>>> print(open('query_29.cif').read())   # mmCIF, C-alpha atoms and all ligand atoms
data_upload
loop_
_atom_site.label_atom_id
_atom_site.label_comp_id
_atom_site.auth_asym_id
_atom_site.auth_seq_id
_atom_site.Cartn_x
_atom_site.Cartn_y
_atom_site.Cartn_z
CA MET A 56 11.61 -45.66 -39.54
CA ASN A 57 11.33 -47.13 -36.06
CA ARG A 58 14.99 -46.83 -35.16
CA ARG A 59 15.67 -45.78 -31.56
CA PRO A 60 16.90 -42.17 -31.28
CA ALA A 61 20.43 -41.75 -29.91
CA PRO A 62 20.50 -39.85 -26.57
CA HIS A 63 22.71 -37.06 -28.00
CA GLU A 64 20.51 -36.44 -31.07
CA ALA A 65 19.11 -32.98 -31.73
CA VAL A 66 15.31 -32.64 -31.55
CA ILE A 67 13.39 -29.74 -33.10
CA VAL A 68 10.93 -28.82 -30.33
CA PHE A 69 7.70 -26.81 -30.17
CA ASP A 70 5.51 -25.56 -27.36
CA ILE A 71 2.09 -24.63 -28.77
CA GLY A 72 -0.18 -22.72 -26.39
CA GLY A 73 -3.16 -20.42 -26.72
CA THR A 74 -1.01 -17.29 -26.20
CA ARG A 75 2.44 -18.08 -27.70
CA PHE A 76 3.99 -20.52 -30.16
CA ARG A 77 7.59 -21.36 -29.16
CA ALA A 78 10.20 -23.32 -31.07
CA GLY A 79 13.83 -24.32 -30.53
CA VAL A 80 16.36 -27.11 -30.64
CA TYR A 81 16.85 -29.58 -27.79
CA ARG A 82 20.13 -31.41 -27.44
CA GLU A 83 21.50 -33.21 -24.38
CA GLY A 84 19.26 -31.44 -21.89
CA ALA A 85 19.77 -27.90 -23.26
CA LEU A 86 17.77 -25.62 -25.56
CA THR A 87 19.24 -23.44 -28.33
CA ASP A 88 17.92 -21.29 -31.17
CA VAL A 89 14.70 -20.61 -29.23
CA ARG A 90 12.16 -18.32 -30.84
CA SER A 91 8.60 -17.30 -30.03
CA ARG A 92 5.66 -15.69 -31.82
CA PRO A 93 2.07 -14.84 -30.89
CA ALA A 94 -0.26 -17.83 -31.20
CA ILE A 95 -2.53 -18.21 -34.21
CA SER A 96 -5.81 -18.82 -32.40
CA PHE A 97 -9.51 -18.09 -32.75
CA ARG A 98 -8.88 -14.95 -30.67
CA SER A 99 -5.85 -13.63 -32.60
CA ALA A 100 -7.12 -14.65 -36.05
CA PRO A 101 -10.94 -14.41 -35.91
CA GLU A 102 -11.08 -14.38 -39.74
CA LEU A 103 -10.04 -18.07 -39.81
CA ASP A 104 -12.39 -20.98 -39.12
CA GLY A 105 -11.27 -24.12 -37.24
CA GLU A 106 -9.97 -25.75 -40.40
CA GLY A 107 -8.05 -22.59 -41.33
CA LEU A 108 -6.51 -22.26 -37.85
CA ARG A 109 -5.26 -25.83 -37.93
CA GLY A 110 -3.86 -25.32 -41.45
CA ALA A 111 -2.01 -22.20 -40.28
CA LEU A 112 -0.58 -24.09 -37.28
CA LEU A 113 0.59 -26.98 -39.48
CA ASP A 114 2.21 -24.54 -41.96
CA TYR A 115 4.04 -22.80 -39.10
CA LEU A 116 5.25 -26.12 -37.65
CA ALA A 117 6.41 -27.59 -40.95
CA GLU A 118 8.19 -24.43 -42.14
CA THR A 119 9.92 -23.73 -38.81
CA ALA A 120 10.91 -27.37 -38.34
CA GLU A 121 12.44 -27.65 -41.80
CA GLU A 122 14.40 -24.45 -41.34
CA LEU A 123 15.74 -25.53 -37.90
CA ALA A 124 16.41 -29.10 -39.08
CA ALA A 125 18.52 -27.86 -42.00
CA ARG A 126 20.55 -25.62 -39.69
CA HIS A 127 21.03 -28.15 -36.88
CA GLY A 128 21.14 -31.44 -38.80
CA ALA A 129 18.11 -32.88 -36.96
CA SER A 130 15.76 -35.63 -38.08
CA LEU A 131 13.45 -35.62 -35.04
CA ALA A 132 10.68 -33.12 -34.27
CA SER A 133 8.55 -33.10 -31.11
CA LEU A 134 5.54 -31.03 -30.23
CA SER A 135 4.00 -30.06 -26.88
CA LEU A 136 0.40 -29.15 -27.75
CA GLY A 137 -2.12 -27.30 -25.57
CA ALA A 138 -5.01 -29.55 -26.58
CA ALA A 139 -7.07 -32.42 -25.22
CA MET A 140 -5.76 -35.46 -27.01
CA ASN A 141 -5.64 -39.23 -27.05
CA GLY A 142 -2.16 -40.00 -25.73
CA LEU A 143 -2.35 -43.55 -27.11
CA THR A 144 -3.03 -42.58 -30.73
CA GLY A 145 -1.97 -38.92 -30.90
CA GLU A 146 -5.44 -37.93 -32.09
CA VAL A 147 -6.47 -34.42 -30.99
CA TYR A 148 -9.97 -34.00 -29.55
CA GLY A 149 -10.01 -30.20 -29.40
CA SER A 150 -8.44 -27.12 -27.82
CA GLY A 151 -10.46 -24.34 -26.20
CA PRO A 152 -7.49 -21.90 -26.08
CA LEU A 153 -6.47 -22.49 -29.74
CA TRP A 154 -9.64 -23.26 -31.65
CA GLY A 155 -12.53 -22.46 -29.30
CA GLU A 156 -15.56 -24.67 -29.86
CA TYR A 157 -14.16 -26.35 -33.00
CA SER A 158 -13.78 -30.03 -32.19
CA GLN A 159 -13.27 -31.94 -35.44
CA ARG A 160 -10.80 -34.67 -34.49
CA PHE A 161 -7.49 -34.86 -36.30
CA ASP A 162 -4.10 -36.54 -36.24
CA PRO A 163 -1.37 -33.87 -36.24
CA ARG A 164 1.43 -36.43 -36.55
CA ALA A 165 0.04 -37.78 -39.82
CA ALA A 166 -0.58 -34.26 -41.15
CA LEU A 167 2.96 -33.19 -40.25
CA ALA A 168 4.54 -36.32 -41.72
CA GLU A 169 2.88 -35.30 -44.99
CA ARG A 170 4.03 -31.67 -44.88
CA ALA A 171 7.55 -32.25 -43.56
CA PRO A 172 8.33 -35.90 -44.44
CA SER A 173 12.08 -35.67 -43.75
CA LEU A 174 11.33 -35.41 -39.99
CA ARG A 175 10.06 -38.02 -37.56
CA TRP A 176 7.31 -36.32 -35.54
CA THR A 177 6.03 -36.98 -32.02
CA VAL A 178 3.16 -35.13 -30.33
CA LEU A 179 2.44 -34.76 -26.60
CA ASN A 180 -0.15 -32.92 -24.51
CA ASP A 181 1.29 -29.77 -22.90
CA VAL A 182 0.58 -30.78 -19.27
CA SER A 183 2.32 -34.10 -19.86
CA ALA A 184 5.28 -32.25 -21.43
CA ALA A 185 5.52 -29.90 -18.44
CA LEU A 186 5.45 -32.88 -16.09
CA LEU A 187 8.24 -34.66 -17.99
CA ALA A 188 10.38 -31.52 -17.68
CA TYR A 189 9.52 -31.19 -13.99
CA ALA A 190 10.39 -34.81 -13.21
CA ASP A 191 13.66 -34.41 -15.10
CA SER A 192 14.53 -31.44 -12.85
CA LEU A 193 14.43 -33.74 -9.78
CA PRO A 194 17.33 -36.14 -10.40
CA GLN A 195 17.65 -37.05 -6.70
CA SER A 196 13.94 -37.54 -6.08
CA GLN A 197 12.82 -40.71 -4.29
CA ALA A 198 9.17 -40.03 -5.16
CA ARG A 199 7.26 -43.01 -6.51
CA LYS A 200 4.69 -40.87 -8.32
CA VAL A 201 4.75 -37.16 -9.13
CA MET A 202 1.65 -35.13 -9.97
CA LEU A 203 1.77 -31.80 -11.77
CA VAL A 204 -1.26 -29.55 -11.33
CA THR A 205 -1.64 -26.59 -13.71
CA VAL A 206 -3.96 -23.78 -12.70
CA SER A 207 -4.25 -21.16 -15.44
CA THR A 208 -7.12 -20.40 -17.87
CA GLY A 209 -8.21 -24.00 -17.16
CA ILE A 210 -7.16 -26.67 -14.66
CA ALA A 211 -5.62 -30.09 -15.35
CA CYS A 212 -3.22 -32.53 -13.75
CA ARG A 213 -1.07 -35.49 -14.73
CA VAL A 214 0.58 -38.22 -12.68
CA LEU A 215 3.92 -39.71 -13.75
CA ASP A 216 5.10 -43.01 -12.32
CA MET A 217 8.75 -42.22 -11.65
CA ARG A 218 9.78 -45.90 -11.60
CA SER A 219 8.61 -46.63 -15.14
CA ARG A 220 8.67 -42.98 -16.30
CA SER A 221 5.20 -43.50 -17.70
CA ILE A 222 1.90 -41.60 -17.59
CA PRO A 223 -0.89 -44.22 -17.44
CA LEU A 224 -3.97 -43.47 -19.55
CA ASP A 225 -7.55 -44.73 -19.87
CA GLU A 226 -8.86 -46.38 -23.04
CA PHE A 227 -9.49 -42.95 -24.59
CA GLY A 228 -5.88 -41.96 -24.02
CA LEU A 229 -6.79 -39.50 -21.25
CA GLN A 230 -5.72 -38.84 -17.66
CA GLY A 231 -6.19 -36.06 -15.11
CA GLU A 232 -8.80 -33.81 -16.77
CA VAL A 233 -9.89 -32.56 -13.35
CA GLY A 234 -11.07 -29.09 -14.43
CA HIS A 235 -14.63 -30.26 -15.02
CA LEU A 236 -15.12 -32.32 -11.87
CA PRO A 237 -18.29 -31.21 -10.08
CA VAL A 238 -17.44 -29.52 -6.78
CA GLN A 239 -19.33 -27.75 -4.03
CA LEU A 240 -18.49 -24.36 -2.60
CA SER A 241 -20.52 -22.58 0.01
CA TYR A 242 -20.09 -19.24 1.75
CA GLN A 243 -21.75 -18.50 5.08
CA GLY A 244 -23.86 -21.61 4.73
CA ARG A 245 -25.17 -20.83 1.25
CA PRO A 246 -24.01 -22.52 -1.99
CA VAL A 247 -22.00 -20.43 -4.46
CA GLU A 248 -23.28 -21.23 -7.96
CA LEU A 249 -21.05 -20.35 -10.90
CA ALA A 250 -21.16 -21.55 -14.52
CA CYS A 251 -18.20 -23.20 -16.22
CA ASP A 252 -16.81 -22.23 -19.65
CA CYS A 253 -17.76 -25.71 -20.90
CA GLY A 254 -21.43 -24.95 -20.30
CA GLY A 255 -21.67 -27.05 -17.11
CA ALA A 256 -22.47 -25.71 -13.64
CA GLY A 257 -20.42 -26.00 -10.47
CA HIS A 258 -17.28 -27.41 -12.07
CA LEU A 259 -13.86 -27.01 -10.42
CA ALA A 260 -12.69 -24.61 -13.15
CA ALA A 261 -15.73 -22.38 -12.56
CA TYR A 262 -14.29 -21.39 -9.13
CA SER A 263 -10.58 -22.12 -9.16
CA SER A 264 -9.15 -21.47 -12.65
CA GLY A 265 -7.92 -18.02 -13.65
CA ARG A 266 -11.28 -17.29 -15.27
CA GLY A 267 -13.07 -18.92 -12.34
CA ILE A 268 -11.32 -16.67 -9.84
CA ALA A 269 -12.39 -13.63 -11.89
CA ALA A 270 -16.02 -14.82 -11.74
CA LEU A 271 -15.69 -15.58 -8.03
CA THR A 272 -14.34 -12.06 -7.47
CA ALA A 273 -17.42 -10.54 -9.10
CA TRP A 274 -19.66 -12.80 -7.00
CA LEU A 275 -17.87 -11.95 -3.74
CA ARG A 276 -18.03 -8.22 -4.46
CA GLY A 277 -21.81 -8.59 -4.49
CA GLU A 278 -21.77 -10.40 -1.14
CA GLU A 279 -19.21 -8.24 0.65
CA GLU A 280 -19.63 -4.77 -0.81
CA GLY A 281 -18.24 -3.02 2.29
CA MET A 282 -15.16 -5.23 2.44
CA TRP A 283 -14.60 -4.67 -1.30
CA GLN A 284 -14.86 -0.87 -0.99
CA GLU A 285 -12.16 -0.88 1.72
CA SER A 286 -9.88 -3.38 0.01
CA ASP A 287 -6.36 -3.01 -1.32
CA TYR A 288 -7.49 -5.19 -4.23
CA ARG A 289 -9.98 -2.55 -5.35
CA ARG A 290 -7.40 0.22 -4.82
CA LEU A 291 -4.84 -1.64 -6.97
CA ARG A 292 -7.43 -2.25 -9.70
CA LYS A 293 -8.22 1.48 -9.71
CA GLN A 294 -4.51 2.15 -10.23
CA GLY A 295 -4.80 0.24 -13.51
CA LEU A 296 -3.39 -3.15 -12.51
CA SER A 297 -4.85 -6.27 -14.15
CA GLU A 298 -7.00 -8.58 -12.01
CA GLU A 299 -4.08 -11.02 -11.65
CA GLU A 300 -1.59 -8.31 -10.67
CA ALA A 301 -4.01 -6.66 -8.27
CA LEU A 302 -4.85 -9.96 -6.57
CA ALA A 303 -1.15 -10.84 -6.19
CA GLY A 304 -0.39 -7.38 -4.78
CA ALA A 305 -3.35 -7.42 -2.39
CA VAL A 306 -2.58 -10.93 -1.15
CA GLU A 307 0.99 -9.80 -0.53
CA GLN A 308 -0.47 -7.13 1.80
CA ARG A 309 -2.81 -9.67 3.43
CA ASP A 310 -5.82 -7.65 2.31
CA THR A 311 -8.99 -9.08 3.91
CA PHE A 312 -11.01 -9.30 0.68
CA ALA A 313 -8.16 -10.83 -1.34
CA MET A 314 -7.36 -13.39 1.38
CA LEU A 315 -11.02 -14.41 1.61
CA LEU A 316 -11.15 -14.76 -2.19
CA LEU A 317 -8.00 -16.91 -2.19
CA ARG A 318 -9.39 -19.06 0.60
CA LEU A 319 -12.63 -19.67 -1.33
CA ALA A 320 -10.87 -20.32 -4.66
CA THR A 321 -8.52 -22.92 -3.15
CA ARG A 322 -11.15 -24.82 -1.13
CA PRO A 323 -12.44 -26.96 -4.07
CA MET A 324 -8.81 -27.59 -5.09
CA ALA A 325 -7.98 -28.90 -1.61
CA ALA A 326 -11.07 -31.15 -1.69
CA TRP A 327 -10.06 -33.11 -4.80
CA LEU A 328 -6.37 -33.18 -3.81
CA ARG A 329 -7.42 -34.70 -0.46
CA CYS A 330 -9.28 -37.44 -2.38
CA ALA A 331 -6.29 -38.01 -4.68
CA LEU A 332 -3.94 -38.42 -1.70
CA THR A 333 -6.37 -40.72 0.07
CA LEU A 334 -6.79 -43.00 -2.97
CA ASP A 335 -3.17 -43.09 -4.10
CA PRO A 336 -0.67 -43.58 -1.29
CA GLU A 337 2.20 -43.51 -3.81
CA LEU A 338 1.57 -39.87 -4.68
CA ASP A 339 4.75 -38.62 -3.00
CA ARG A 340 5.06 -35.23 -4.67
CA ILE A 341 2.52 -32.74 -6.04
CA ALA A 342 3.79 -29.69 -7.96
CA LEU A 343 1.69 -26.57 -8.48
CA ALA A 344 2.22 -24.78 -11.81
CA GLY A 345 0.45 -22.45 -14.25
CA GLY A 346 -0.19 -18.72 -14.24
CA VAL A 347 -2.43 -18.60 -11.14
CA CYS A 348 0.03 -20.52 -8.92
CA ALA A 349 3.04 -18.65 -10.32
CA GLY A 350 1.36 -15.26 -9.76
CA LEU A 351 0.30 -15.96 -6.16
CA GLY A 352 3.31 -18.11 -5.31
CA GLU A 353 3.76 -19.22 -1.72
CA HIS A 354 0.44 -17.55 -0.75
CA TYR A 355 -1.39 -19.99 -3.02
CA ARG A 356 0.42 -22.99 -1.56
CA GLU A 357 -0.22 -21.77 2.00
CA ALA A 358 -3.96 -21.32 1.32
CA LEU A 359 -4.14 -24.85 -0.05
CA LEU A 360 -2.17 -26.27 2.88
CA GLY A 361 -4.47 -24.41 5.28
CA HIS A 362 -7.55 -26.25 3.96
CA LEU A 363 -5.75 -29.59 3.93
CA ARG A 364 -4.57 -29.21 7.52
CA GLU A 365 -8.08 -28.21 8.60
CA GLN A 366 -9.56 -31.41 7.20
CA GLY A 367 -6.73 -33.84 6.73
CA VAL A 368 -6.30 -37.29 5.29
CA TYR A 369 -7.77 -39.78 7.80
CA LEU A 370 -5.11 -40.86 10.35
CA SER A 371 -2.05 -40.27 8.12
CA SER A 372 -1.95 -36.48 8.39
CA GLY A 373 -2.63 -36.80 12.13
CA PHE A 374 0.48 -38.92 12.48
CA ASP A 375 2.64 -36.36 10.68
CA PRO A 376 2.01 -32.59 10.91
CA ASP A 377 4.17 -32.11 7.76
CA TYR A 378 2.23 -34.71 5.74
CA PHE A 379 0.96 -32.14 3.22
CA SER A 380 3.83 -29.65 3.23
CA ARG A 381 6.31 -32.43 2.44
CA ARG A 382 4.26 -33.43 -0.59
CA ILE A 383 2.98 -30.16 -2.07
CA HIS A 384 5.47 -27.82 -3.74
CA LEU A 385 5.45 -24.84 -6.07
CA ALA A 386 7.08 -25.59 -9.42
CA GLN A 387 9.62 -22.94 -10.41
CA PRO A 388 8.99 -21.48 -13.90
CA GLY A 389 12.09 -23.09 -15.49
CA GLN A 390 11.11 -26.53 -14.20
CA THR A 391 8.03 -26.94 -16.39
CA SER A 392 9.28 -25.88 -19.83
CA GLY A 393 7.15 -27.38 -22.59
CA LEU A 394 10.14 -27.20 -24.94
CA LEU A 395 12.27 -29.30 -22.58
CA GLY A 396 9.41 -31.78 -22.09
CA ALA A 397 8.97 -32.07 -25.87
CA GLY A 398 12.70 -32.73 -26.23
CA LEU A 399 12.68 -35.46 -23.58
CA HIS A 400 9.65 -37.07 -25.20
CA GLY A 401 11.13 -36.83 -28.70
CA LEU A 402 14.01 -39.06 -27.60
CA ARG A 403 11.83 -41.66 -25.80
CA PRO A 404 8.33 -41.45 -27.29
CA GLU A 405 7.48 -45.13 -26.94
CA ALA A 406 8.06 -45.27 -23.17
CA LEU A 407 5.64 -42.62 -21.93
CA HIS A 408 2.27 -44.29 -22.26
CA ALA A 409 3.42 -47.91 -22.07
CA ALA A 410 1.22 -50.09 -19.85
ZN ZN A 501 -16.68 -27.43 -17.06
#
>>> encode(input="query_29.cif", output="structure tokens")
Amino acid sequence: MNRRPAPHEAVIVFDIGGTRFRAGVYREGALTDVRSRPAISFRSAPELDGEGLRGALLDYLAETAEELAARHGASLASLSLGAAMNGLTGEVYGSGPLWGEYSQRFDPRAALAERAPSLRWTVLNDVSAALLAYADSLPQSQARKVMLVTVSTGIACRVLDMRSRSIPLDEFGLQGEVGHLPVQLSYQGRPVELACDCGGAGHLAAYSSGRGIAALTAWLRGEEEGMWQESDYRRLRKQGLSEEEALAGAVEQRDTFAMLLLRLATRPMAAWLRCALTLDPELDRIALAGGVCAGLGEHYREALLGHLREQGVYLSSGFDPDYFSRRIHLAQPGQTSGLLGAGLHGLRPEALHAA
């Protein structure tokens, strides 16, 4: 049962997120037989309770894995899961995007071993999977540690030690849940107070996640009504573009309202990244990923770099004007594939969280 997988073995891989479920076969660095379906979540299947949603996910995983395994002769299956989980034990704590408030703990590996016993299952958090794929896309990198930051519906990060290829964890099997750090944002000398999805106030995600930026937009409209009325952002929204598309379009045109919004939304991000860089001198590379960063692209990175240059890291960034730009990069979409990360993990599951 505990045999070491051969490097050329096929792995049935899954990427389970709140919007899509993806599956495929990973072999020697490449993906084949990839398929995708809408996620079964509390939003898409409101008739199911938490228990029912998990049952439906397990049925989908077991059925798809057995079908792919029969076709590709695989005995390994690996899952990238968009859930908060204990990386040491594989126990899942909960998933806002998949199951909403439902937070009964469970062990998906044990449940899957029961439903599809011919396969050896491994389970990995989705940010960790994306980071494994990203690190694998940098074969020449000299970085000692690489951090991946995802900014989408929520915000999280992970740090991989490139020398040991491990993601260190605390005693609860967690690392990098930065989305609910308390932060401070003020505008024209007054604090901006926004509530977080978790029920807390003033958390990073309340200002800087995709949903946070939407709330910040509504707040800023109230403060700067004249600027809003004149803005390209408003014009693009009136043309029927989504908030994300309109913001990306308006930022592209350097619209005053959109640029102010971007500057405010990235300020709390820069604050915690500045702390991270100050405390960990081995953090040689930071990659920005997730829907918000992908949508705003280089504009997002520039806004972040602007804050960091304004208030740098004591001494170090004064010695080198490129201190931040050398470290902070945009991840390209293909570099953070959860399916690739699941495949890499499926072949070396024991190494990732080793002390
Ligand atoms: Zn929160």
>>> atom_distance(input="query_29.cif", atom1="CA of Arg245 (chain A)", atom2="CA of Leu275 (chain A)")
12.5 Å
>>> atom_distance(input="query_29.cif", atom1="CA of Ser241 (chain A)", atom2="CA of Gly367 (chain A)")
19.0 Å
>>> closest_residue(input="query_29.cif", among="A:Val247, A:Leu343, A:Val238, A:Ala397", to="ligand ZN 501 (chain A)", atoms="all atoms listed in the file")
A:Val238
>>> closest_residue(input="query_29.cif", among="A:Gly304, A:Gly254, A:Pro60, A:Gly72", to="ligand ZN 501 (chain A)", atoms="only C-alpha atoms and all ligand atoms")
A:Gly254
>>> closest_residue(input="query_29.cif", among="A:Glu64, A:Glu285, A:Glu102, A:Asp252", to="ligand ZN 501 (chain A)", atoms="all atoms listed in the file")
A:Asp252
>>> closest_residue(input="query_29.cif", among="A:Leu394, A:Ala386, A:Ala190, A:Val233", to="ligand ZN 501 (chain A)", atoms="only C-alpha atoms and all ligand atoms")
A:Val233
>>> residues_around(input="query_29.cif", residues="Leu360 (chain A)", least_positions_apart="5", cutoff="8 Å", atoms="only C-alpha atoms", output="PDB file with C-alpha atoms, in the frame of the given file")
ATOM      1  CA  ALA A 325      -7.980 -28.900  -1.610  1.00  0.00           C
ATOM      2  CA  PHE A 379       0.960 -32.140   3.220  1.00  0.00           C
ATOM      3  CA  SER A 380       3.830 -29.650   3.230  1.00  0.00           C
TER       4      SER A 380
END
>>> closest_residue(input="query_29.cif", among="A:Trp154, A:Tyr115, A:Trp176, A:Tyr262", to="ligand ZN 501 (chain A)", atoms="only C-alpha atoms and all ligand atoms")
A:Tyr262
>>> residues_around(input="query_29.cif", residues="Trp274 (chain A)", least_positions_apart="2", cutoff="12 Å", atoms="only C-alpha atoms", output="JSON, numbers by chain")
{"A": [242, 246, 247, 248, 249, 250, 261, 262, 267, 268, 269, 270, 271, 272, 276, 277, 278, 279, 280, 283, 316, 319, 320]}
>>> residues_near_point(input="query_29.cif", point="(1.1, -13.1, -10.4)", cutoff="8 Å", atoms="only C-alpha atoms", output="ChimeraX atom specification")
/A:299-300,302-303,346-352
>>> closest_residue(input="query_29.cif", among="A:Pro223, A:Gly393, A:Gly401, A:Gly265", to="Ser135 (chain A)", atoms="all atoms listed in the file")
A:Gly393
>>> atom_distance(input="query_29.cif", atom1="CA of Thr144 (chain A)", atom2="CA of Gly396 (chain A)")
18.6 Å
>>> closest_atom_pairs(input="query_29.cif", of="chain A", to="ligand ZN 501 (chain A)", cutoff="12 Å", atoms="only C-alpha atoms and all ligand atoms", output="tab-separated table")
residue	atom	partner	partner_atom	distance
A:Gly151	CA	A:ZN501	ZN	11.5
A:Thr208	CA	A:ZN501	ZN	11.9
A:Gly209	CA	A:ZN501	ZN	9.1
A:Ile210	CA	A:ZN501	ZN	9.8
A:Ala211	CA	A:ZN501	ZN	11.5
A:Glu232	CA	A:ZN501	ZN	10.1
A:Val233	CA	A:ZN501	ZN	9.3
A:Gly234	CA	A:ZN501	ZN	6.4
A:His235	CA	A:ZN501	ZN	4.0
A:Leu236	CA	A:ZN501	ZN	7.3
A:Pro237	CA	A:ZN501	ZN	8.1
A:Val238	CA	A:ZN501	ZN	10.5
A:Leu249	CA	A:ZN501	ZN	10.4
A:Ala250	CA	A:ZN501	ZN	7.8
A:Cys251	CA	A:ZN501	ZN	4.6
A:Asp252	CA	A:ZN501	ZN	5.8
A:Cys253	CA	A:ZN501	ZN	4.3
A:Gly254	CA	A:ZN501	ZN	6.3
A:Gly255	CA	A:ZN501	ZN	5.0
A:Ala256	CA	A:ZN501	ZN	6.9
A:Gly257	CA	A:ZN501	ZN	7.7
A:His258	CA	A:ZN501	ZN	5.0
A:Leu259	CA	A:ZN501	ZN	7.2
A:Ala260	CA	A:ZN501	ZN	6.3
A:Ala261	CA	A:ZN501	ZN	6.8
A:Tyr262	CA	A:ZN501	ZN	10.3
A:Ser263	CA	A:ZN501	ZN	11.3
A:Ser264	CA	A:ZN501	ZN	10.6
A:Arg266	CA	A:ZN501	ZN	11.6
A:Gly267	CA	A:ZN501	ZN	10.4
>>> residues_near_point(input="query_29.cif", point="(16.3, -23.1, -25.2)", cutoff="12 Å", atoms="all atoms listed in the file", output="list in words")
Val66, Ile67, Val68, Phe69, Asp70, Arg77, Ala78, Gly79, Val80, Tyr81, Arg82, Glu83, Gly84, Ala85, Leu86, Thr87, Asp88, Val89, Arg90, Ser91, Gly389, Ser392, Gly393, Leu394, Leu395, Gly396, Ala397 and Gly398 of chain A
>>> residues_around(input="query_29.cif", residues="Leu116 (chain A)", least_positions_apart="5", cutoff="9 Å", atoms="only C-alpha atoms", output="tab-separated table (two decimals) with C-alpha atoms, keeping the file's coordinate frame")
chain	number	residue	atom	x	y	z
A	69	PHE	CA	7.70	-26.81	-30.17
A	78	ALA	CA	10.20	-23.32	-31.07
A	111	ALA	CA	-2.01	-22.20	-40.28
A	121	GLU	CA	12.44	-27.65	-41.80
A	134	LEU	CA	5.54	-31.03	-30.23
A	167	LEU	CA	2.96	-33.19	-40.25
A	171	ALA	CA	7.55	-32.25	-43.56
>>> axis_aligned_box(input="query_29.cif", around="region 122-129 of chain A", padding_each_side="4 Å", output="lines of an AutoDock Vina configuration file")
center_x = 17.8
center_y = -28.7
center_z = -39.4
size_x = 14.7
size_y = 16.4
size_z = 13.1
